[in-house]
file my_file.cif (mmCIF, C-alpha atoms)
data_entry
loop_
_atom_site.label_atom_id
_atom_site.label_comp_id
_atom_site.auth_asym_id
_atom_site.auth_seq_id
_atom_site.Cartn_x
_atom_site.Cartn_y
_atom_site.Cartn_z
CA MET A 1 0.00 0.00 0.00
CA ARG A 2 1.21 3.50 -0.89
CA ALA A 3 0.75 6.77 1.01
CA ASP A 4 0.38 10.32 -0.32
CA PRO A 5 3.23 12.44 1.19
CA ARG A 6 1.07 15.62 0.93
CA VAL A 7 -1.56 14.04 3.19
CA LEU A 8 1.13 12.87 5.66
CA ARG A 9 2.69 16.33 5.89
CA LEU A 10 -0.64 18.11 6.37
CA GLY A 11 -1.70 15.46 8.87
CA ALA A 12 1.45 15.97 10.97
CA ALA A 13 0.95 19.76 11.00
CA VAL A 14 -2.75 19.56 11.97
CA THR A 15 -1.99 16.88 14.59
CA THR A 16 0.67 19.15 16.14
CA LEU A 17 -1.86 22.01 16.36
CA VAL A 18 -4.66 19.82 17.75
CA LEU A 19 -2.47 18.21 20.43
CA ALA A 20 -1.12 21.63 21.50
CA LEU A 21 -4.75 22.80 21.80
CA VAL A 22 -5.61 19.72 23.89
CA LEU A 23 -2.82 20.61 26.33
CA VAL A 24 -3.80 24.30 26.51
CA THR A 25 -7.56 23.74 26.86
CA GLY A 26 -7.42 20.44 28.75
CA SER A 27 -10.22 19.18 26.50
CA ALA A 28 -10.63 15.39 26.68
CA TRP A 29 -13.18 15.64 23.84
CA LEU A 30 -10.65 17.14 21.47
CA LEU A 31 -8.16 14.40 22.39
CA ALA A 32 -10.87 11.80 21.73
CA VAL A 33 -11.39 13.29 18.25
CA GLN A 34 -7.61 13.11 17.66
CA ALA A 35 -7.62 9.47 18.80
CA VAL A 36 -10.26 8.72 16.16
CA VAL A 37 -8.11 10.48 13.53
CA PHE A 38 -5.08 8.39 14.63
CA ALA A 39 -7.16 5.22 14.31
CA ALA A 40 -8.32 6.26 10.83
CA GLY A 41 -4.71 7.00 9.82
CA ALA A 42 -3.58 3.62 11.16
CA ALA A 43 -6.24 2.04 8.93
CA GLY A 44 -4.84 4.00 5.97
CA ARG A 45 -7.92 6.26 5.84
CA SER A 46 -6.63 9.65 6.93
CA PRO A 47 -9.45 12.25 6.89
CA TYR A 48 -6.98 14.83 5.52
CA ARG A 49 -7.13 13.09 2.14
CA VAL A 50 -10.20 15.19 1.29
CA PHE A 51 -8.04 18.32 0.97
CA PHE A 52 -6.18 17.00 -2.06
CA ARG A 53 -7.61 16.42 -5.49
CA GLY A 54 -6.04 14.18 -8.04
CA PRO A 55 -3.43 11.48 -7.50
CA PRO A 56 -0.06 12.46 -5.95
CA THR A 57 2.94 12.86 -8.26
CA LYS A 58 4.91 10.54 -5.98
CA THR A 59 3.95 8.12 -3.23
CA GLU A 60 5.79 6.45 -0.39
CA ASP A 61 5.56 3.19 1.56
CA ALA A 62 2.48 3.42 3.78
CA ARG A 63 3.76 1.04 6.47
CA PRO A 64 6.04 3.45 8.41
CA PRO A 65 3.45 6.26 8.70
CA ARG A 66 0.67 3.80 9.53
CA PHE A 67 2.78 2.27 12.28
CA ALA A 68 3.47 5.79 13.59
CA GLN A 69 -0.31 6.44 13.70
CA VAL A 70 -0.71 3.29 15.83
CA VAL A 71 1.92 4.67 18.23
CA GLY A 72 0.04 8.00 18.26
CA LEU A 73 -3.20 6.19 19.02
CA VAL A 74 -1.61 4.39 22.00
CA PHE A 75 -0.42 7.71 23.46
CA ALA A 76 -3.77 9.42 22.79
CA ALA A 77 -5.60 6.54 24.50
CA ALA A 78 -3.27 6.76 27.51
CA GLY A 79 -3.84 10.52 27.64
CA LEU A 80 -7.62 10.02 27.49
CA ILE A 81 -7.48 7.58 30.40
CA GLY A 82 -5.48 10.21 32.28
CA PHE A 83 -8.06 12.94 31.59
CA ILE A 84 -11.08 10.75 32.39
CA ALA A 85 -9.57 9.27 35.56
CA GLY A 86 -8.23 12.65 36.65
CA ILE A 87 -4.61 11.49 36.60
CA THR A 88 -3.14 14.80 35.40
CA PRO A 89 0.51 13.67 34.97
CA LEU A 90 -0.63 10.79 32.73
CA ALA A 91 -2.98 13.06 30.74
CA LEU A 92 -0.35 15.74 30.14
CA GLY A 93 2.60 13.35 29.78
CA ALA A 94 1.02 11.07 27.19
CA THR A 95 -0.42 13.99 25.20
CA ALA A 96 2.98 15.74 25.30
CA ALA A 97 4.68 12.57 24.00
CA ALA A 98 2.26 12.44 21.07
CA LEU A 99 2.80 16.18 20.48
CA LEU A 100 6.58 15.67 20.44
CA ALA A 101 6.29 12.95 17.80
CA ALA A 102 3.87 14.98 15.65
CA PHE A 103 6.04 18.10 15.90
CA LEU A 104 9.23 16.22 14.92
CA ASN A 105 7.38 14.81 11.93
CA ALA A 106 5.89 18.16 10.86
CA ALA A 107 9.01 20.29 11.40
CA PHE A 108 11.84 17.87 10.59
CA GLY A 109 10.22 15.03 8.65
CA PHE A 110 11.44 12.71 11.42
CA CYS A 111 9.22 9.71 12.19
CA LEU A 112 9.70 9.01 15.91
CA GLY A 113 7.26 6.08 15.91
CA CYS A 114 9.15 4.46 13.04
CA GLU A 115 12.48 4.97 14.83
CA MET A 116 11.10 3.34 17.96
CA TYR A 117 10.03 0.24 16.07
CA LEU A 118 13.37 -1.59 16.24
CA MET A 119 13.84 -0.72 19.92
CA ILE A 120 10.39 -2.12 20.70
CA ARG A 121 11.24 -5.26 18.73
CA ARG A 122 14.50 -5.65 20.63
CA LEU A 123 12.58 -5.59 23.90
CA LEU A 124 9.69 -7.76 22.69
CA PRO A 125 11.14 -10.15 20.12
CA ALA A 126 8.03 -12.33 20.07
CA ALA A 127 5.56 -9.54 19.45
CA ASN A 128 3.94 -9.53 16.06
CA MET A 129 3.51 -5.91 15.16
CA GLU A 130 2.86 -6.17 11.44
CA VAL A 131 0.37 -3.58 10.23
CA PRO A 132 -2.15 -5.45 8.09
CA GLN A 133 -1.80 -4.63 4.43
CA MET B 1 -1.56 27.59 32.61
CA THR B 2 0.27 24.28 33.08
CA GLY B 3 -0.84 23.28 29.58
CA TRP B 4 0.97 26.23 28.01
CA TRP B 5 4.18 25.31 29.81
CA VAL B 6 3.89 21.67 28.71
CA VAL B 7 3.38 22.78 25.09
CA LEU B 8 6.35 25.17 25.21
CA ALA B 9 8.63 22.62 26.89
CA THR B 10 7.62 19.90 24.39
CA LEU B 11 8.21 22.13 21.36
CA ALA B 12 11.56 23.27 22.78
CA LEU B 13 12.60 19.66 23.38
CA GLY B 14 11.43 18.72 19.87
CA THR B 15 13.48 21.54 18.36
CA VAL B 16 16.62 20.41 20.21
CA ILE B 17 16.09 16.77 19.17
CA GLY B 18 15.40 17.80 15.58
CA VAL B 19 18.49 20.01 15.27
CA VAL B 20 20.77 17.41 16.91
CA LYS B 21 19.35 14.76 14.61
CA LEU B 22 19.90 16.89 11.50
CA ARG B 23 23.52 17.41 12.50
CA ARG B 24 24.35 13.85 13.53
CA ASP B 25 22.20 11.70 11.30
CA GLY B 26 24.08 9.52 8.87
CA ARG B 27 27.51 10.70 9.99
CA LEU B 28 30.07 7.91 9.81
CA ARG B 29 31.91 7.31 13.07
CA GLU B 30 34.83 5.15 14.12
CA SER B 31 33.94 1.70 15.33
CA GLY B 32 35.92 -1.19 16.76
CA GLN B 33 33.72 -4.21 16.14
CA ASN B 34 34.28 -7.25 13.96
CA LEU B 35 32.08 -9.37 11.73
CA THR B 36 32.67 -12.63 9.90
CA ALA B 37 30.94 -13.92 6.79
CA HIS B 38 29.48 -16.64 8.99
CA ALA B 39 27.95 -14.20 11.51
CA LEU B 40 26.70 -12.04 8.66
CA GLY B 41 25.23 -14.95 6.72
CA HIS B 42 26.66 -13.44 3.53
CA GLU B 43 29.97 -13.51 1.72
CA LEU B 44 32.14 -10.49 2.47
CA GLY B 45 33.15 -8.21 -0.38
CA GLU B 46 36.66 -8.70 -1.70
CA ARG B 47 37.95 -5.34 -0.48
CA ALA B 48 35.07 -3.97 1.58
CA THR B 49 31.45 -4.64 2.51
CA LEU B 50 28.69 -2.12 3.15
CA VAL B 51 26.24 -3.70 5.60
CA GLN B 52 22.83 -2.05 5.91
CA PHE B 53 20.31 -2.94 8.62
CA SER B 54 16.73 -2.18 7.59
CA THR B 55 13.18 -2.69 8.80
CA ALA B 56 9.82 -2.43 7.09
CA PHE B 57 8.86 0.64 9.12
CA CYS B 58 11.81 2.71 8.00
CA GLN B 59 11.39 5.68 5.70
CA PRO B 60 15.07 6.41 4.90
CA CYS B 61 16.02 2.75 4.30
CA ARG B 62 15.08 2.85 0.64
CA ALA B 63 17.15 5.95 -0.10
CA THR B 64 20.05 4.41 1.86
CA ARG B 65 19.78 1.23 -0.22
CA ARG B 66 20.07 3.31 -3.40
CA VAL B 67 23.13 5.21 -2.10
CA LEU B 68 24.96 2.03 -1.06
CA ALA B 69 24.07 0.19 -4.28
CA GLU B 70 25.51 3.11 -6.26
CA VAL B 71 28.71 3.11 -4.22
CA SER B 72 29.20 -0.65 -4.54
CA ALA B 73 28.68 -0.39 -8.30
CA LEU B 74 31.17 2.47 -8.47
CA VAL B 75 34.01 1.05 -6.34
CA PRO B 76 35.31 -2.36 -7.47
CA GLY B 77 35.52 -5.11 -4.86
CA VAL B 78 32.91 -3.50 -2.61
CA SER B 79 29.68 -5.37 -1.97
CA HIS B 80 26.41 -4.19 -0.42
CA VAL B 81 24.56 -6.49 1.98
CA GLU B 82 21.14 -5.51 3.32
CA ILE B 83 19.91 -7.27 6.45
CA ASP B 84 16.35 -7.33 7.74
CA ALA B 85 16.96 -6.33 11.35
CA GLU B 86 13.88 -8.16 12.60
CA SER B 87 15.04 -11.52 11.28
CA ARG B 88 18.52 -11.01 12.78
CA LEU B 89 17.77 -9.68 16.27
CA ASP B 90 20.81 -11.66 17.53
CA LEU B 91 23.12 -9.60 15.33
CA VAL B 92 21.21 -6.40 16.17
CA ARG B 93 21.82 -6.96 19.90
CA GLU B 94 25.42 -8.03 19.42
CA LEU B 95 26.24 -4.91 17.42
CA ASP B 96 23.99 -2.76 19.62
CA ILE B 97 21.95 -1.39 16.74
CA MET B 98 19.21 0.92 17.95
CA ARG B 99 17.72 2.34 14.76
CA THR B 100 17.37 1.68 11.09
CA PRO B 101 19.00 2.32 8.79
CA THR B 102 22.34 1.57 10.44
CA VAL B 103 25.22 1.23 8.00
CA LEU B 104 28.48 -0.58 8.79
CA VAL B 105 31.56 -0.16 6.61
CA LEU B 106 33.62 -3.37 6.79
CA ASP B 107 37.13 -3.82 5.45
CA GLY B 108 38.13 -6.94 3.53
CA GLY B 109 38.77 -8.84 6.78
CA GLY B 110 35.38 -8.01 8.30
CA ALA B 111 36.53 -5.36 10.77
CA VAL B 112 33.89 -2.66 11.23
CA VAL B 113 35.83 0.44 10.25
CA LYS B 114 32.97 2.92 10.43
CA ARG B 115 29.31 2.96 11.27
CA ALA B 116 26.47 5.41 10.73
CA SER B 117 22.97 5.51 12.13
CA GLY B 118 20.61 7.25 9.75
CA GLN B 119 21.03 7.75 6.03
CA PRO B 120 24.69 8.44 5.16
CA ARG B 121 25.69 10.75 2.33
CA LYS B 122 27.20 9.10 -0.73
CA ALA B 123 30.36 11.23 -0.61
CA ASP B 124 30.93 10.28 3.05
CA VAL B 125 30.66 6.55 2.28
CA ILE B 126 33.11 6.88 -0.61
CA ALA B 127 35.49 8.89 1.60
CA ALA B 128 35.29 6.25 4.36
CA LEU B 129 36.11 3.52 1.83
CA GLY B 130 38.90 5.57 0.26
CA ALA B 131 40.55 6.14 3.64
CA PHE B 132 41.35 2.48 4.18
CA LEU B 133 41.30 1.07 0.62
CA SER B 134 44.23 3.30 -0.38
CA HIS B 135 46.26 2.23 2.69
CA ASP B 136 45.37 -1.44 2.46
CA PRO B 137 48.67 -3.39 2.77
CA ASP B 138 47.09 -6.55 1.33
CA GLU B 139 45.89 -4.78 -1.78
CA LYS B 140 46.56 -6.83 -4.89
#
call {"tool": "encode", "arguments": {"input": "my_file.cif", "output": "structure tokens"}}
result
Amino acid sequence: MRADPRVLRLGAAVTTLVLALVLVTGSAWLLAVQAVVFAAGAAGRSPYRVFFRGPPTKTEDARPPRFAQVVGLVFAAAGLIGFIAGITPLALGATAAALLAAFLNAAFGFCLGCEMYLMIRRLLPAANMEVPQ
Amino acid sequence: MTGWWVVLATLALGTVIGVVKLRRDGRLRESGQNLTAHALGHELGERATLVQFSTAFCQPCRATRRVLAEVSALVPGVSHVEIDAESRLDLVRELDIMRTPTVLVLDGGGAVVKRASGQPRKADVIAALGAFLSHDPDEK
């Protein structure tokens, strides 16, 4: 499966903005919306596709960005638990971790989730973390 | 108010990480390890071997593959071996590889002369090869 780099870049920028807003407003609802967007991205159905017409001039492997969306979803879910249960350090910490990853992707084109993949595999050699095609 | 501080601290940290990464990524450093054809599971190149560790979830691995393939085509006696890090976690732990791509530059005897984590520049790989190929006492 191939991914549209324009959609990925816009997605990283919007995600950075949304997660910063979550931290400033403390809105669990906004974080829940972002979690849904992460889940859609992990399924290869980013909502930001609607902003682009026509096929991209070049595409890239969809597996790294989809894996990164899964990592984002895990952090967003942890943050949501923190907000709902009133565990402020968890809420802020997990959201900040997701913000850090989104910002590095938007500003430097650096995929933190992808980089973490090998380290996670070193710790959990038996885990099967293939993203379904 | 706390939220603002968390946002500012996170963006500051991200900027530091990003700038450090831009400066250090793909730079070839000295290394003192050793590899044999047996451990590698591949024949070593006659004069040098470029070993690349890759994973499926790695954006710069493809570009790195292209760079190393070009160098091995350009410099005679140099071969390019790409290893799927996930299928060789033993080697990954032994060599303490934390990220992909990681590139090892091996001399003809399998000594790891240089290593880079992140995508190396073509000129840097050629320079690293040139540094020891020209001084190779066993050169035929």
call {"tool": "atom_distance", "arguments": {"input": "my_file.cif", "atom1": "atom CA of B:Ala111", "atom2": "atom CA of B:Lys21"}}
result
26.7 Å
call {"tool": "resolve_selection", "arguments": {"input": "my_file.cif", "expression": "the PyMOL selection byres ((chain B and resi 89) around 12)", "output": "list of chain:residue names"}}
result
A:Leu118, A:Met119, A:Ile120, A:Arg121, A:Arg122, A:Leu123, A:Leu124, A:Pro125, A:Ala126, B:Leu40, B:Phe53, B:Ser54, B:Thr55, B:Ile83, B:Asp84, B:Ala85, B:Glu86, B:Ser87, B:Arg88, B:Asp90, B:Leu91, B:Val92, B:Arg93, B:Glu94, B:Leu95, B:Asp96, B:Ile97, B:Met98
call {"tool": "closest_residue", "arguments": {"input": "my_file.cif", "among": "A:Asp4, A:Ala106, A:Met116, A:Ile84", "to": "B:Leu11", "atoms": "all atoms listed in the file"}}
result
A:Ala106
call {"tool": "resolve_selection", "arguments": {"input": "my_file.cif", "expression": "the PyMOL selection byres ((chain B) within 8 of (chain A))", "output": "PyMOL selection string"}}
result
chain B and resi 1-4+6-7+10-11+13-15+18+55-59+85-86+89+93+98-100
call {"tool": "resolve_selection", "arguments": {"input": "my_file.cif", "expression": "the PyMOL selection byres ((chain B and resi 116) around 9)", "output": "PDB file with C-alpha atoms, in the frame of the given file"}}
result
ATOM      1  CA  ASP B  25      22.200  11.700  11.300  1.00  0.00           C
ATOM      2  CA  GLY B  26      24.080   9.520   8.870  1.00  0.00           C
ATOM      3  CA  ARG B  27      27.510  10.700   9.990  1.00  0.00           C
ATOM      4  CA  LEU B  28      30.070   7.910   9.810  1.00  0.00           C
ATOM      5  CA  ARG B  29      31.910   7.310  13.070  1.00  0.00           C
ATOM      6  CA  PRO B 101      19.000   2.320   8.790  1.00  0.00           C
ATOM      7  CA  THR B 102      22.340   1.570  10.440  1.00  0.00           C
ATOM      8  CA  VAL B 103      25.220   1.230   8.000  1.00  0.00           C
ATOM      9  CA  LEU B 104      28.480  -0.580   8.790  1.00  0.00           C
ATOM     10  CA  VAL B 105      31.560  -0.160   6.610  1.00  0.00           C
ATOM     11  CA  LYS B 114      32.970   2.920  10.430  1.00  0.00           C
ATOM     12  CA  ARG B 115      29.310   2.960  11.270  1.00  0.00           C
ATOM     13  CA  SER B 117      22.970   5.510  12.130  1.00  0.00           C
ATOM     14  CA  GLY B 118      20.610   7.250   9.750  1.00  0.00           C
ATOM     15  CA  GLN B 119      21.030   7.750   6.030  1.00  0.00           C
ATOM     16  CA  PRO B 120      24.690   8.440   5.160  1.00  0.00           C
TER      17      PRO B 120
END
call {"tool": "axis_aligned_box", "arguments": {"input": "my_file.cif", "around": "stretch 40-58 of chain B", "padding_each_side": "4 Å", "output": "AutoDock Vina command-line options"}}
result
--center_x 23.4 --center_y -6.1 --center_z 3.7 --size_x 37.1 --size_y 25.7 --size_z 18.8
call {"tool": "build_atoms", "arguments": {"input": "my_file.cif", "residues": "stretch 22-33 of chain B", "atoms": "all heavy atoms", "output": "PDB file, in the frame of the given file"}}
result
ATOM      1  N   LEU B  22      19.469  16.411  12.811  1.00  0.00           N
ATOM      2  CA  LEU B  22      19.900  16.890  11.500  1.00  0.00           C
ATOM      3  C   LEU B  22      21.418  16.940  11.407  1.00  0.00           C
ATOM      4  O   LEU B  22      22.003  16.643  10.365  1.00  0.00           O
ATOM      5  CB  LEU B  22      19.337  18.289  11.223  1.00  0.00           C
ATOM      6  CG  LEU B  22      17.860  18.368  10.818  1.00  0.00           C
ATOM      7  CD1 LEU B  22      17.474  19.812  10.558  1.00  0.00           C
ATOM      8  CD2 LEU B  22      17.596  17.521   9.580  1.00  0.00           C
ATOM      9  N   ARG B  23      22.061  17.301  12.517  1.00  0.00           N
ATOM     10  CA  ARG B  23      23.520  17.410  12.500  1.00  0.00           C
ATOM     11  C   ARG B  23      24.211  16.059  12.532  1.00  0.00           C
ATOM     12  O   ARG B  23      25.263  15.881  11.931  1.00  0.00           O
ATOM     13  CB  ARG B  23      23.996  18.234  13.703  1.00  0.00           C
ATOM     14  CG  ARG B  23      23.618  19.693  13.624  1.00  0.00           C
ATOM     15  CD  ARG B  23      24.013  20.374  14.906  1.00  0.00           C
ATOM     16  NE  ARG B  23      25.453  20.293  15.098  1.00  0.00           N
ATOM     17  CZ  ARG B  23      26.277  21.317  14.927  1.00  0.00           C
ATOM     18  NH1 ARG B  23      25.796  22.482  14.584  1.00  0.00           N
ATOM     19  NH2 ARG B  23      27.557  21.178  15.118  1.00  0.00           N
ATOM     20  N   ARG B  24      23.635  15.108  13.289  1.00  0.00           N
ATOM     21  CA  ARG B  24      24.350  13.850  13.530  1.00  0.00           C
ATOM     22  C   ARG B  24      23.926  12.707  12.648  1.00  0.00           C
ATOM     23  O   ARG B  24      24.647  11.724  12.520  1.00  0.00           O
ATOM     24  CB  ARG B  24      24.184  13.435  14.998  1.00  0.00           C
ATOM     25  CG  ARG B  24      24.893  14.399  15.919  1.00  0.00           C
ATOM     26  CD  ARG B  24      24.654  14.092  17.364  1.00  0.00           C
ATOM     27  NE  ARG B  24      24.706  12.664  17.669  1.00  0.00           N
ATOM     28  CZ  ARG B  24      24.766  12.200  18.899  1.00  0.00           C
ATOM     29  NH1 ARG B  24      24.801  13.027  19.918  1.00  0.00           N
ATOM     30  NH2 ARG B  24      24.780  10.911  19.119  1.00  0.00           N
ATOM     31  N   ASP B  25      22.743  12.827  12.045  1.00  0.00           N
ATOM     32  CA  ASP B  25      22.200  11.700  11.300  1.00  0.00           C
ATOM     33  C   ASP B  25      23.077  11.312  10.118  1.00  0.00           C
ATOM     34  O   ASP B  25      23.467  12.158   9.329  1.00  0.00           O
ATOM     35  CB  ASP B  25      20.801  12.070  10.793  1.00  0.00           C
ATOM     36  CG  ASP B  25      19.869  10.900  10.914  1.00  0.00           C
ATOM     37  OD1 ASP B  25      20.056  10.109  11.844  1.00  0.00           O
ATOM     38  OD2 ASP B  25      18.955  10.781  10.088  1.00  0.00           O
ATOM     39  N   GLY B  26      23.370  10.027  10.033  1.00  0.00           N
ATOM     40  CA  GLY B  26      24.080   9.520   8.870  1.00  0.00           C
ATOM     41  C   GLY B  26      25.570   9.798   8.869  1.00  0.00           C
ATOM     42  O   GLY B  26      26.264   9.458   7.926  1.00  0.00           O
ATOM     43  N   ARG B  27      26.072  10.432   9.929  1.00  0.00           N
ATOM     44  CA  ARG B  27      27.510  10.700   9.990  1.00  0.00           C
ATOM     45  C   ARG B  27      28.254   9.408  10.319  1.00  0.00           C
ATOM     46  O   ARG B  27      27.876   8.674  11.232  1.00  0.00           O
ATOM     47  CB  ARG B  27      27.791  11.770  11.043  1.00  0.00           C
ATOM     48  CG  ARG B  27      29.235  12.216  11.036  1.00  0.00           C
ATOM     49  CD  ARG B  27      29.411  13.467  11.829  1.00  0.00           C
ATOM     50  NE  ARG B  27      28.698  14.584  11.238  1.00  0.00           N
ATOM     51  CZ  ARG B  27      28.672  15.805  11.768  1.00  0.00           C
ATOM     52  NH1 ARG B  27      29.275  16.033  12.905  1.00  0.00           N
ATOM     53  NH2 ARG B  27      28.020  16.780  11.181  1.00  0.00           N
ATOM     54  N   LEU B  28      29.315   9.146   9.584  1.00  0.00           N
ATOM     55  CA  LEU B  28      30.070   7.910   9.810  1.00  0.00           C
ATOM     56  C   LEU B  28      31.066   8.118  10.941  1.00  0.00           C
ATOM     57  O   LEU B  28      31.804   9.099  10.949  1.00  0.00           O
ATOM     58  CB  LEU B  28      30.798   7.519   8.518  1.00  0.00           C
ATOM     59  CG  LEU B  28      29.863   6.996   7.417  1.00  0.00           C
ATOM     60  CD1 LEU B  28      30.395   7.311   6.049  1.00  0.00           C
ATOM     61  CD2 LEU B  28      29.642   5.499   7.569  1.00  0.00           C
ATOM     62  N   ARG B  29      31.011   7.210  11.912  1.00  0.00           N
ATOM     63  CA  ARG B  29      31.910   7.310  13.070  1.00  0.00           C
ATOM     64  C   ARG B  29      32.829   6.097  13.131  1.00  0.00           C
ATOM     65  O   ARG B  29      32.527   5.063  12.575  1.00  0.00           O
ATOM     66  CB  ARG B  29      31.069   7.313  14.356  1.00  0.00           C
ATOM     67  CG  ARG B  29      30.206   8.490  14.475  1.00  0.00           C
ATOM     68  CD  ARG B  29      28.979   8.165  15.337  1.00  0.00           C
ATOM     69  NE  ARG B  29      28.071   9.287  15.275  1.00  0.00           N
ATOM     70  CZ  ARG B  29      28.271  10.428  15.924  1.00  0.00           C
ATOM     71  NH1 ARG B  29      29.306  10.555  16.722  1.00  0.00           N
ATOM     72  NH2 ARG B  29      27.450  11.441  15.792  1.00  0.00           N
ATOM     73  N   GLU B  30      33.903   6.262  13.905  1.00  0.00           N
ATOM     74  CA  GLU B  30      34.830   5.150  14.120  1.00  0.00           C
ATOM     75  C   GLU B  30      34.110   4.031  14.870  1.00  0.00           C
ATOM     76  O   GLU B  30      33.219   4.286  15.678  1.00  0.00           O
ATOM     77  CB  GLU B  30      36.016   5.610  14.979  1.00  0.00           C
ATOM     78  CG  GLU B  30      36.793   6.788  14.422  1.00  0.00           C
ATOM     79  CD  GLU B  30      37.587   6.420  13.177  1.00  0.00           C
ATOM     80  OE1 GLU B  30      38.009   5.255  13.087  1.00  0.00           O
ATOM     81  OE2 GLU B  30      37.756   7.286  12.311  1.00  0.00           O
ATOM     82  N   SER B  31      34.521   2.815  14.607  1.00  0.00           N
ATOM     83  CA  SER B  31      33.940   1.700  15.330  1.00  0.00           C
ATOM     84  C   SER B  31      34.989   0.621  15.487  1.00  0.00           C
ATOM     85  O   SER B  31      35.925   0.544  14.696  1.00  0.00           O
ATOM     86  CB  SER B  31      32.733   1.155  14.548  1.00  0.00           C
ATOM     87  OG  SER B  31      32.241   0.007  15.175  1.00  0.00           O
ATOM     88  N   GLY B  32      34.870  -0.196  16.529  1.00  0.00           N
ATOM     89  CA  GLY B  32      35.920  -1.190  16.760  1.00  0.00           C
ATOM     90  C   GLY B  32      35.423  -2.620  16.741  1.00  0.00           C
ATOM     91  O   GLY B  32      36.068  -3.500  17.297  1.00  0.00           O
ATOM     92  N   GLN B  33      34.269  -2.860  16.107  1.00  0.00           N
ATOM     93  CA  GLN B  33      33.720  -4.210  16.140  1.00  0.00           C
ATOM     94  C   GLN B  33      34.236  -5.056  14.987  1.00  0.00           C
ATOM     95  O   GLN B  33      34.972  -4.577  14.133  1.00  0.00           O
ATOM     96  CB  GLN B  33      32.190  -4.136  16.120  1.00  0.00           C
ATOM     97  CG  GLN B  33      31.633  -3.630  17.435  1.00  0.00           C
ATOM     98  CD  GLN B  33      30.274  -2.976  17.240  1.00  0.00           C
ATOM     99  OE1 GLN B  33      30.053  -2.216  16.305  1.00  0.00           O
ATOM    100  NE2 GLN B  33      29.369  -3.274  18.145  1.00  0.00           N
TER     101      GLN B  33
END
